[in-house]
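Source file: protein02.csv (CSV, C-alpha atoms and all ligand atoms)
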chain,number,residue,atom,x,y,z
A,1,MET,CA,0.0,0.0,0.0
A,2,LYS,CA,1.9,3.0,-1.1
A,3,ILE,CA,1.6,6.3,-2.9
A,4,VAL,CA,3.7,6.1,-6.0
A,5,GLU,CA,3.4,9.7,-6.8
A,6,ARG,CA,1.7,12.9,-5.9
A,7,LEU,CA,1.4,15.6,-8.6
A,8,GLU,CA,-0.3,18.9,-8.6
A,9,VAL,CA,-2.5,20.8,-11.1
A,10,VAL,CA,-1.4,24.4,-10.3
A,11,LEU,CA,-4.4,26.7,-10.7
A,12,GLY,CA,-4.0,29.2,-7.8
A,13,LYS,CA,-6.7,28.7,-5.2
A,14,ARG,CA,-8.2,25.9,-7.3
A,15,SER,CA,-5.0,23.9,-7.4
A,16,TYR,CA,-5.5,20.2,-6.6
A,17,PRO,CA,-3.5,17.0,-6.1
A,18,ILE,CA,-3.3,13.9,-8.3
A,19,SER,CA,-2.4,10.9,-6.1
A,20,ILE,CA,-1.2,7.9,-8.1
A,21,GLY,CA,-0.6,4.6,-6.4
A,22,SER,CA,-1.4,0.9,-5.9
A,23,ASN,CA,-4.3,0.1,-3.6
A,24,ILE,CA,-4.3,3.7,-2.4
A,25,ILE,CA,-8.1,3.9,-1.8
A,26,GLN,CA,-7.4,2.4,1.6
A,27,GLU,CA,-5.0,5.2,2.7
A,28,ASP,CA,-6.4,7.2,5.5
A,29,ASN,CA,-6.1,10.7,4.2
A,30,ILE,CA,-6.6,9.9,0.6
A,31,PHE,CA,-10.0,11.4,0.3
A,32,TRP,CA,-8.8,14.9,1.2
A,33,PRO,CA,-10.4,17.5,1.3
A,34,LEU,CA,-13.2,15.5,2.9
A,35,LYS,CA,-13.3,15.7,6.7
A,36,PRO,CA,-15.3,13.8,9.4
A,37,GLY,CA,-18.8,15.1,9.5
A,38,ASN,CA,-18.8,16.2,5.8
A,39,GLN,CA,-21.7,15.2,3.5
A,40,ALA,CA,-20.8,13.4,0.3
A,41,MET,CA,-22.5,11.6,-2.6
A,42,LEU,CA,-20.8,8.7,-4.3
A,43,VAL,CA,-21.8,8.2,-8.0
A,44,THR,CA,-20.7,5.1,-9.8
A,45,ASN,CA,-22.1,2.7,-12.4
A,46,LYS,CA,-23.6,-0.8,-12.2
A,47,THR,CA,-20.5,-2.6,-13.4
A,48,LEU,CA,-18.3,-1.0,-10.7
A,49,ALA,CA,-20.9,-1.2,-8.0
A,50,ASN,CA,-19.9,-4.7,-6.9
A,51,LEU,CA,-16.2,-4.3,-7.2
A,52,LEU,CA,-15.1,-1.1,-5.7
A,53,LYS,CA,-18.0,0.8,-4.4
A,54,ASP,CA,-18.1,-1.0,-1.0
A,55,LYS,CA,-14.4,-0.5,-0.5
A,56,VAL,CA,-14.8,3.3,-1.0
A,57,LEU,CA,-17.9,3.5,1.1
A,58,PHE,CA,-16.2,1.5,3.9
A,59,HIS,CA,-13.2,3.9,4.1
A,60,LEU,CA,-15.3,7.0,3.9
A,61,ARG,CA,-17.7,5.9,6.6
A,62,LYS,CA,-14.7,4.8,8.7
A,63,SER,CA,-13.4,8.4,8.4
A,64,GLY,CA,-16.7,9.8,9.5
A,65,VAL,CA,-18.1,11.1,6.2
A,66,LYS,CA,-21.9,11.0,5.8
A,67,ILE,CA,-22.1,9.3,2.4
A,68,ASP,CA,-25.1,8.6,0.1
A,69,GLN,CA,-24.9,6.9,-3.3
A,70,VAL,CA,-26.3,6.8,-6.8
A,71,ILE,CA,-25.7,4.0,-9.2
A,72,LEU,CA,-26.1,4.8,-12.9
A,73,SER,CA,-26.1,2.6,-16.0
A,74,ASP,CA,-22.8,2.0,-17.6
A,75,GLY,CA,-21.8,3.2,-21.1
A,76,GLU,CA,-21.3,6.3,-23.3
A,77,GLN,CA,-25.0,6.1,-24.4
A,78,TYR,CA,-25.8,7.1,-20.8
A,79,LYS,CA,-23.8,10.3,-20.8
A,80,THR,CA,-27.0,12.3,-21.1
A,81,LEU,CA,-28.9,15.1,-19.4
A,82,ASN,CA,-31.3,12.4,-18.3
A,83,GLU,CA,-28.6,10.6,-16.2
A,84,MET,CA,-27.4,13.9,-14.9
A,85,GLU,CA,-30.9,14.7,-13.6
A,86,LEU,CA,-30.8,11.4,-11.7
A,87,ILE,CA,-27.8,12.7,-9.8
A,88,ILE,CA,-29.4,16.1,-9.1
A,89,SER,CA,-32.6,14.4,-8.0
A,90,ALA,CA,-30.7,12.1,-5.6
A,91,LEU,CA,-28.9,15.1,-4.1
A,92,LEU,CA,-32.1,16.9,-3.5
A,93,GLU,CA,-33.9,13.9,-2.2
A,94,LYS,CA,-31.1,13.3,0.3
A,95,LYS,CA,-31.0,17.0,1.2
A,96,HIS,CA,-27.4,17.6,0.1
A,97,ALA,CA,-26.4,21.2,0.9
A,98,ARG,CA,-24.0,23.5,-0.8
A,99,ASP,CA,-21.0,22.2,1.1
A,100,THR,CA,-21.5,18.6,-0.1
A,101,THR,CA,-18.9,16.8,-2.2
A,102,LEU,CA,-19.7,14.6,-5.2
A,103,ILE,CA,-17.4,11.6,-5.7
A,104,ALA,CA,-17.1,10.2,-9.2
A,105,LEU,CA,-16.1,6.5,-9.1
A,106,GLY,CA,-15.8,5.2,-12.7
A,107,GLY,CA,-14.5,6.0,-16.1
A,108,GLY,CA,-14.8,9.0,-18.3
A,109,VAL,CA,-18.6,8.8,-18.6
A,110,ILE,CA,-19.1,8.9,-14.8
A,111,GLY,CA,-16.4,11.6,-14.3
A,112,ASP,CA,-17.9,13.9,-17.0
A,113,LEU,CA,-21.4,13.4,-15.7
A,114,VAL,CA,-20.5,13.9,-12.0
A,115,GLY,CA,-18.3,16.9,-12.8
A,116,PHE,CA,-21.1,18.5,-14.7
A,117,ALA,CA,-23.6,17.8,-12.0
A,118,ALA,CA,-21.2,19.3,-9.4
A,119,SER,CA,-20.7,22.4,-11.6
A,120,ILE,CA,-24.4,23.2,-11.6
A,121,TYR,CA,-25.9,21.8,-8.4
A,122,GLN,CA,-26.7,24.8,-6.2
A,123,ARG,CA,-24.4,26.8,-8.6
A,124,GLY,CA,-21.5,24.6,-7.9
A,125,VAL,CA,-20.2,22.1,-5.3
A,126,ARG,CA,-16.9,20.3,-4.8
A,127,PHE,CA,-16.2,16.9,-6.5
A,128,ILE,CA,-13.5,14.3,-6.3
A,129,GLN,CA,-12.5,12.1,-9.2
A,130,ILE,CA,-11.6,8.4,-8.7
A,131,PRO,CA,-11.0,7.3,-12.3
A,132,THR,CA,-11.1,3.5,-12.8
A,133,THR,CA,-10.2,3.1,-16.4
A,134,LEU,CA,-6.9,3.8,-18.1
A,135,LEU,CA,-8.5,6.4,-20.3
A,136,SER,CA,-9.9,8.4,-17.4
A,137,GLN,CA,-6.7,7.9,-15.3
A,138,VAL,CA,-4.5,9.4,-18.0
A,139,ASP,CA,-6.8,12.0,-19.4
A,140,ALA,CA,-10.5,12.6,-18.7
A,141,SER,CA,-10.3,12.9,-14.9
A,142,ILE,CA,-7.7,15.7,-15.0
A,143,GLY,CA,-8.5,19.2,-16.2
A,144,GLY,CA,-12.1,19.8,-15.4
A,145,LYS,CA,-13.8,19.2,-18.7
A,146,THR,CA,-17.3,18.0,-17.7
A,147,GLY,CA,-20.4,17.5,-19.7
A,148,VAL,CA,-22.9,15.2,-21.5
A,149,ASN,CA,-23.5,14.2,-25.1
A,150,HIS,CA,-26.2,15.4,-27.5
A,151,LEU,CA,-27.6,13.2,-30.2
A,152,LEU,CA,-26.0,15.6,-32.7
A,153,GLY,CA,-22.6,16.0,-31.1
A,154,LYS,CA,-20.4,14.6,-28.4
A,155,ASN,CA,-19.7,16.6,-25.3
A,156,MET,CA,-21.8,19.5,-26.6
A,157,ILE,CA,-23.3,20.4,-23.3
A,158,GLY,CA,-20.9,21.0,-20.4
A,159,SER,CA,-18.7,23.2,-18.4
A,160,PHE,CA,-15.1,23.7,-17.1
A,161,TRP,CA,-15.2,22.7,-13.4
A,162,GLN,CA,-12.1,21.5,-11.7
A,163,PRO,CA,-12.1,18.6,-9.2
A,164,SER,CA,-10.7,19.1,-5.7
A,165,SER,CA,-8.7,15.9,-5.9
A,166,VAL,CA,-7.9,13.1,-8.3
A,167,ILE,CA,-7.2,9.7,-6.8
A,168,ILE,CA,-5.7,7.1,-9.3
A,169,ASP,CA,-5.6,3.6,-8.0
A,170,ILE,CA,-3.6,1.5,-10.5
A,171,ASP,CA,-5.1,-1.7,-9.0
A,172,CYS,CA,-8.5,-0.8,-10.7
A,173,LEU,CA,-6.9,-1.7,-14.0
A,174,LYS,CA,-6.7,-5.4,-13.0
A,175,SER,CA,-10.4,-5.8,-13.4
A,176,LEU,CA,-10.7,-3.6,-16.5
A,177,PRO,CA,-11.9,-5.4,-19.6
A,178,TYR,CA,-9.1,-5.8,-22.1
A,179,ASN,CA,-10.8,-3.7,-24.8
A,180,GLU,CA,-11.1,-0.8,-22.4
A,181,LEU,CA,-7.5,-1.1,-21.4
A,182,ILE,CA,-6.5,-0.9,-25.1
A,183,SER,CA,-8.9,2.0,-25.6
A,184,GLY,CA,-7.0,4.0,-22.9
A,185,ILE,CA,-3.7,3.3,-24.7
A,186,ALA,CA,-5.0,5.4,-27.6
A,187,GLU,CA,-4.9,8.5,-25.4
A,188,VAL,CA,-1.5,7.5,-24.1
A,189,ILE,CA,-0.1,7.3,-27.6
A,190,LYS,CA,-1.8,10.6,-28.4
A,191,TYR,CA,0.2,12.4,-25.6
A,192,ALA,CA,3.5,10.9,-27.0
A,193,ILE,CA,2.7,12.0,-30.6
A,194,ILE,CA,1.9,15.5,-29.5
A,195,PHE,CA,4.5,16.2,-26.9
A,196,ASP,CA,7.3,13.7,-26.4
A,197,GLU,CA,9.3,11.7,-28.9
A,198,HIS,CA,11.3,10.1,-26.1
A,199,PHE,CA,8.0,8.8,-24.6
A,200,PHE,CA,6.9,7.6,-28.0
A,201,SER,CA,10.1,5.5,-28.3
A,202,TRP,CA,9.6,4.2,-24.8
A,203,LEU,CA,6.1,3.1,-25.7
A,204,GLU,CA,7.4,1.4,-28.8
A,205,GLU,CA,9.7,-0.6,-26.6
A,206,ASN,CA,7.3,-1.2,-23.7
A,207,ILE,CA,3.9,-1.7,-25.3
A,208,LYS,CA,3.8,-5.4,-24.3
A,209,GLU,CA,4.6,-4.6,-20.7
A,210,ILE,CA,1.9,-2.0,-20.6
A,211,LEU,CA,-0.7,-4.4,-22.1
A,212,SER,CA,0.2,-7.0,-19.5
A,213,LEU,CA,-0.1,-4.4,-16.8
A,214,ASN,CA,3.5,-4.7,-15.6
A,215,GLN,CA,3.4,-2.6,-12.5
A,216,LYS,CA,6.5,-0.6,-13.2
A,217,ALA,CA,5.6,0.1,-16.9
A,218,ILE,CA,2.0,1.0,-16.2
A,219,SER,CA,2.9,3.3,-13.3
A,220,TYR,CA,5.5,5.1,-15.4
A,221,CYS,CA,3.0,5.5,-18.2
A,222,ILE,CA,0.2,6.9,-16.1
A,223,LYS,CA,2.6,9.2,-14.2
A,224,LYS,CA,4.0,10.5,-17.5
A,225,CYS,CA,0.6,11.3,-19.0
A,226,CYS,CA,-0.6,12.9,-15.7
A,227,GLN,CA,2.5,15.1,-15.7
A,228,LEU,CA,2.0,16.2,-19.2
A,229,LYS,CA,-1.7,16.9,-18.7
A,230,SER,CA,-1.3,18.7,-15.4
A,231,GLN,CA,1.4,21.0,-16.8
A,232,LEU,CA,-0.8,21.8,-19.8
A,233,ILE,CA,-3.9,22.5,-17.7
A,234,SER,CA,-1.9,24.9,-15.5
A,235,LEU,CA,-0.9,26.8,-18.7
A,236,ASP,CA,-4.2,26.8,-20.5
A,237,GLU,CA,-7.1,25.7,-18.4
A,238,ARG,CA,-9.8,27.0,-20.8
A,239,GLU,CA,-8.4,25.6,-24.1
A,240,LYS,CA,-7.5,29.0,-25.5
A,241,ASN,CA,-4.4,27.5,-27.3
A,242,LEU,CA,-2.1,24.7,-26.1
A,243,ARG,CA,-4.8,22.5,-24.5
A,244,ALA,CA,-6.6,22.2,-27.9
A,245,LEU,CA,-3.6,20.0,-29.0
A,246,LEU,CA,-5.1,17.3,-26.8
A,247,ASN,CA,-7.8,17.0,-29.4
A,248,LEU,CA,-5.5,15.2,-31.8
A,249,GLY,CA,-7.7,12.6,-33.6
A,250,HIS,CA,-10.9,13.8,-31.8
A,251,THR,CA,-12.5,15.8,-34.6
A,252,TYR,CA,-12.6,12.6,-36.8
A,253,GLY,CA,-13.1,10.3,-33.8
A,254,HIS,CA,-16.1,12.1,-32.4
A,255,ALA,CA,-17.7,11.8,-35.9
A,256,ILE,CA,-17.3,8.0,-35.7
A,257,GLU,CA,-18.8,7.9,-32.2
A,258,VAL,CA,-21.8,10.0,-33.0
A,259,HIS,CA,-22.5,8.4,-36.4
A,260,SER,CA,-22.2,4.8,-35.1
A,261,GLY,CA,-24.4,5.5,-32.0
A,262,TYR,CA,-22.8,6.2,-28.7
A,263,GLY,CA,-21.3,3.2,-27.0
A,264,ASN,CA,-20.8,1.1,-30.2
A,265,TRP,CA,-17.2,2.3,-30.6
A,266,LEU,CA,-15.2,2.8,-27.4
A,267,HIS,CA,-13.9,6.4,-27.2
A,268,GLY,CA,-10.3,5.3,-27.5
A,269,GLU,CA,-11.0,3.1,-30.5
A,270,ALA,CA,-12.6,6.0,-32.3
A,271,ILE,CA,-9.7,8.2,-31.3
A,272,SER,CA,-7.2,5.7,-32.7
A,273,VAL,CA,-8.8,5.9,-36.1
A,274,GLY,CA,-9.0,9.7,-35.7
A,275,ILE,CA,-5.3,9.8,-35.1
A,276,VAL,CA,-4.7,7.7,-38.2
A,277,MET,CA,-6.8,10.1,-40.2
A,278,ALA,CA,-5.1,13.2,-38.8
A,279,THR,CA,-1.7,11.6,-39.4
A,280,ARG,CA,-2.6,10.8,-42.9
A,281,THR,CA,-4.0,14.3,-43.5
A,282,SER,CA,-0.6,15.7,-42.3
A,283,GLU,CA,1.3,13.3,-44.5
A,284,LEU,CA,-0.8,14.2,-47.6
A,285,LEU,CA,-0.2,17.9,-46.9
A,286,GLY,CA,3.6,17.2,-46.7
A,287,TYR,CA,3.9,18.2,-43.0
A,288,LEU,CA,4.7,14.8,-41.7
A,289,LYS,CA,7.4,12.4,-43.0
A,290,LYS,CA,6.3,9.1,-44.3
A,291,GLN,CA,8.5,7.2,-41.8
A,292,ASP,CA,6.9,9.0,-38.9
A,293,PHE,CA,3.5,8.2,-40.3
A,294,LYS,CA,4.5,4.5,-40.4
A,295,ARG,CA,5.8,4.6,-36.8
A,296,ILE,CA,2.5,6.0,-35.6
A,297,ILE,CA,0.3,3.5,-37.4
A,298,GLY,CA,2.7,0.7,-36.3
A,299,LEU,CA,2.4,1.6,-32.6
A,300,LEU,CA,-1.4,1.9,-32.8
A,301,LYS,CA,-1.6,-1.5,-34.5
A,302,ARG,CA,0.8,-3.2,-32.0
A,303,ALA,CA,-1.4,-1.9,-29.2
A,304,GLY,CA,-4.3,-3.7,-30.8
A,305,LEU,CA,-6.2,-0.5,-31.7
A,306,PRO,CA,-8.3,-0.2,-34.8
A,307,ILE,CA,-6.7,1.8,-37.6
A,308,LYS,CA,-9.7,1.8,-40.0
A,309,GLY,CA,-13.0,3.6,-39.7
A,310,PRO,CA,-16.5,1.9,-39.8
A,311,LYS,CA,-17.1,0.3,-43.2
A,312,ASN,CA,-20.7,1.7,-43.4
A,313,MET,CA,-19.5,5.4,-43.0
A,314,SER,CA,-18.6,7.2,-46.2
A,315,ALA,CA,-15.9,9.8,-46.2
A,316,ALA,CA,-18.4,12.6,-46.9
A,317,SER,CA,-20.5,11.6,-43.9
A,318,TYR,CA,-17.7,12.7,-41.5
A,319,ILE,CA,-17.9,16.3,-42.6
A,320,PRO,CA,-21.2,17.5,-41.0
A,321,TYR,CA,-20.0,16.0,-37.7
A,322,MET,CA,-16.6,17.6,-38.1
A,323,MET,CA,-18.3,21.0,-38.8
A,324,ARG,CA,-19.9,20.8,-35.3
A,325,ASP,CA,-16.6,20.3,-33.6
A,326,LYS,CA,-16.0,22.7,-30.7
A,327,LYS,CA,-12.8,23.9,-32.4
A,328,VAL,CA,-14.7,25.2,-35.5
A,329,MET,CA,-14.3,29.0,-35.9
A,330,SER,CA,-16.0,31.2,-38.4
A,331,GLY,CA,-17.4,28.0,-40.1
A,332,GLU,CA,-13.9,26.6,-40.7
A,333,ILE,CA,-12.8,23.1,-39.4
A,334,ARG,CA,-9.6,23.4,-37.3
A,335,LEU,CA,-7.5,20.3,-37.1
A,336,VAL,CA,-4.7,19.2,-34.8
A,337,LEU,CA,-2.1,17.6,-37.1
A,338,PRO,CA,1.1,15.9,-36.0
A,339,ILE,CA,4.1,17.5,-37.8
A,340,SER,CA,6.7,15.1,-36.3
A,341,ILE,CA,6.7,12.6,-33.5
A,342,GLY,CA,6.5,14.8,-30.4
A,343,LYS,CA,5.1,17.9,-32.1
A,344,ALA,CA,1.6,18.9,-33.3
A,345,LYS,CA,0.0,22.1,-34.5
A,346,ILE,CA,-3.5,23.4,-35.2
A,347,TYR,CA,-4.4,24.2,-38.8
A,348,SER,CA,-7.4,25.9,-40.2
A,349,ASN,CA,-8.4,26.1,-43.9
A,350,VAL,CA,-7.2,22.6,-44.6
A,351,ASP,CA,-8.4,21.6,-48.1
A,352,LYS,CA,-11.6,19.5,-47.8
A,353,ASN,CA,-10.4,17.2,-50.6
A,354,ILE,CA,-7.3,16.4,-48.6
A,355,ILE,CA,-9.4,15.7,-45.5
A,356,LEU,CA,-11.7,13.4,-47.6
A,357,SER,CA,-8.7,11.6,-49.2
A,358,ALA,CA,-7.2,11.0,-45.7
A,359,ILE,CA,-10.5,9.6,-44.5
A,360,LYS,CA,-10.9,7.4,-47.6
A,361,ASN,CA,-7.3,6.1,-47.2
A,362,SER,CA,-8.2,5.0,-43.7
A,363,GLN,CA,-11.4,3.1,-44.5
B,401,LIG,N1,-9.4,15.3,-23.0
B,401,LIG,C1,-8.9,16.5,-23.5
B,401,LIG,C2,-8.8,17.6,-22.5
B,401,LIG,O1,-9.0,17.4,-21.4
B,401,LIG,O2,-8.5,18.8,-22.9
Take the structure from the file and write it as structure tokens.
Amino acid sequence: MKIVERLEVVLGKRSYPISIGSNIIQEDNIFWPLKPGNQAMLVTNKTLANLLKDKVLFHLRKSGVKIDQVILSDGEQYKTLNEMELIISALLEKKHARDTTLIALGGGVIGDLVGFAASIYQRGVRFIQIPTTLLSQVDASIGGKTGVNHLLGKNMIGSFWQPSSVIIDIDCLKSLPYNELISGIAEVIKYAIIFDEHFFSWLEENIKEILSLNQKAISYCIKKCCQLKSQLISLDEREKNLRALLNLGHTYGHAIEVHSGYGNWLHGEAISVGIVMATRTSELLGYLKKQDFKRIIGLLKRAGLPIKGPKNMSAASYIPYMMRDKKVMSGEIRLVLPISIGKAKIYSNVDKNIILSAIKNSQ
């Protein structure tokens, strides 16, 4: 039972810790800033309810926290205003006051829903993230992006609302379905492509160890991504510039998720294909060398991630979804494109024919 690492997202008075470790849910002070006598609402999903919920409840009750719970359905298709209302109703029914704390125990869906509920309940209450999937541990739980999906677009309703603490227990990954683990690796590879060639090479060498959850490799990998993300959030909390780079692959990937029906493609699977399409776009534009393109596709493949989009989705059908992307400005799609391994840039006015060719080449 030990804390592997404690990082900080530096945001002045709203700064918060990220605690990373193995079996750390059992540490006494891990649920900081909760104190004895505080009220809290644990929100989790049906899948995790049996596994982890009781452990968390036990430790919170032992430390004197007055805790209630809501259990939601599991899956991206439930990241809706309807589920969020269930959280709000439970808070009202159990008479939670403005000084309550919401606790998100789950993957990106639970984290986004709970964060959004926390941002609007009584005009804003505290929340703690306990991410249980690799994807949410390396990305979604950090940085305060919260929200729900709309039938016409992913994450279209939401807010920026930072958690008070992020608790990453690496042991959660032992019970994570394999396809979910792989899905998380897409976001890990994304960080390396955008920011860190050395990390990319490390991933090429250690992908097998990560997939087999080798403790040393997975801890390093999570820590590295959390470091990159926390530095970025401290510099650009509201995605005015640098943070937008984290959307590599997401403009194409979100199109796949919405078109296929939420939940039919895991987020990371769609992002993997989105990264391939962005990488291909960059290569067609002459920004990225062919050998870098090959390395990126090679690593995604070796991780077991998909590199081709859905067969029943024509290249032209991506465009309307891409036009609704949150990066669109003055009616122009803006794309994050890798220009080398370890470096990416945002481009507007990319020729639509090139975008379409890149999509066609990845089908
Ligand atoms: N997941 C991308 C971001 O937090 O900005």
With distances taken over only C-alpha atoms, the candidate from A:Gln77, A:Asn349, A:Asn50, A:Ser63 nearest A:Val328 is A:Asn349
Enumerate residues in contact with ligand LIG 401 (chain B): an atom-to-atom distance of at most 9 Å, counting only C-alpha atoms and all ligand atoms. Format the result as a VMD selection string.
chain A and resid 136 139 to 145 187 229 232 to 233 237 to 239 243 to 247 250
Can you work out which one of A:Ile333, A:Ala90, A:Leu51, A:Ile307 has the shortest atom-to-atom distance to A:Ile355, counting only C-alpha atoms?
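The closest residue to A:Ile355 is A:Ile333.
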What's the 9 Å shell around stretch 171-181 of chain A, counting only C-alpha atoms, without same-chain residues fewer than 5 positions away, as a ChimeraX atom specification?
/A:21-24,51-52,131-135,211,213,266,268-269,304-305
Excluding A:Ile359 and any residue of its chain fewer than 2 positions from it, enumerate the residues within 9 Å of it, using all atoms listed in the file, and give them as a list of chain:residue names.
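Final neighbour list, sorted by chain and number: A:Tyr252, A:Gly274, A:Val276, A:Met277, A:Ala278, A:Arg280, A:Thr281, A:Gly309, A:Ser314, A:Ala315, A:Ala316, A:Tyr318, A:Ile354, A:Ile355, A:Leu356, A:Ser357, A:Asn361, A:Ser362, A:Gln363.
Going from atom CA of A:Met322 over to atom CA of A:Glu257, you cover 11.6 Å.
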Is it possible to get the residues within 12 Å of (-16.5, 6.1, 7.9) (coordinates as in the file, counting all atoms listed in the file) written as a PyMOL selection string?
chain A and resi 26+28-29+31+34-40+54-68
Compare A:Val138, A:Leu86, A:Val273, A:Leu203 by their minimum atom-to-atom distance to A:Lys223, counting all atoms listed in the file, and give me the closest one.
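Of A:Val138, A:Leu86, A:Val273, A:Leu203, the one nearest A:Lys223, counting all atoms listed in the file, is A:Val138.
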Excluding A:Ala217 and any residue of its chain fewer than 3 positions from it, enumerate the residues within 12 Å of it, using all atoms listed in the file, and give them as a PyMOL selection string.
chain A and resi 170+199+202-203+205-214+220-224
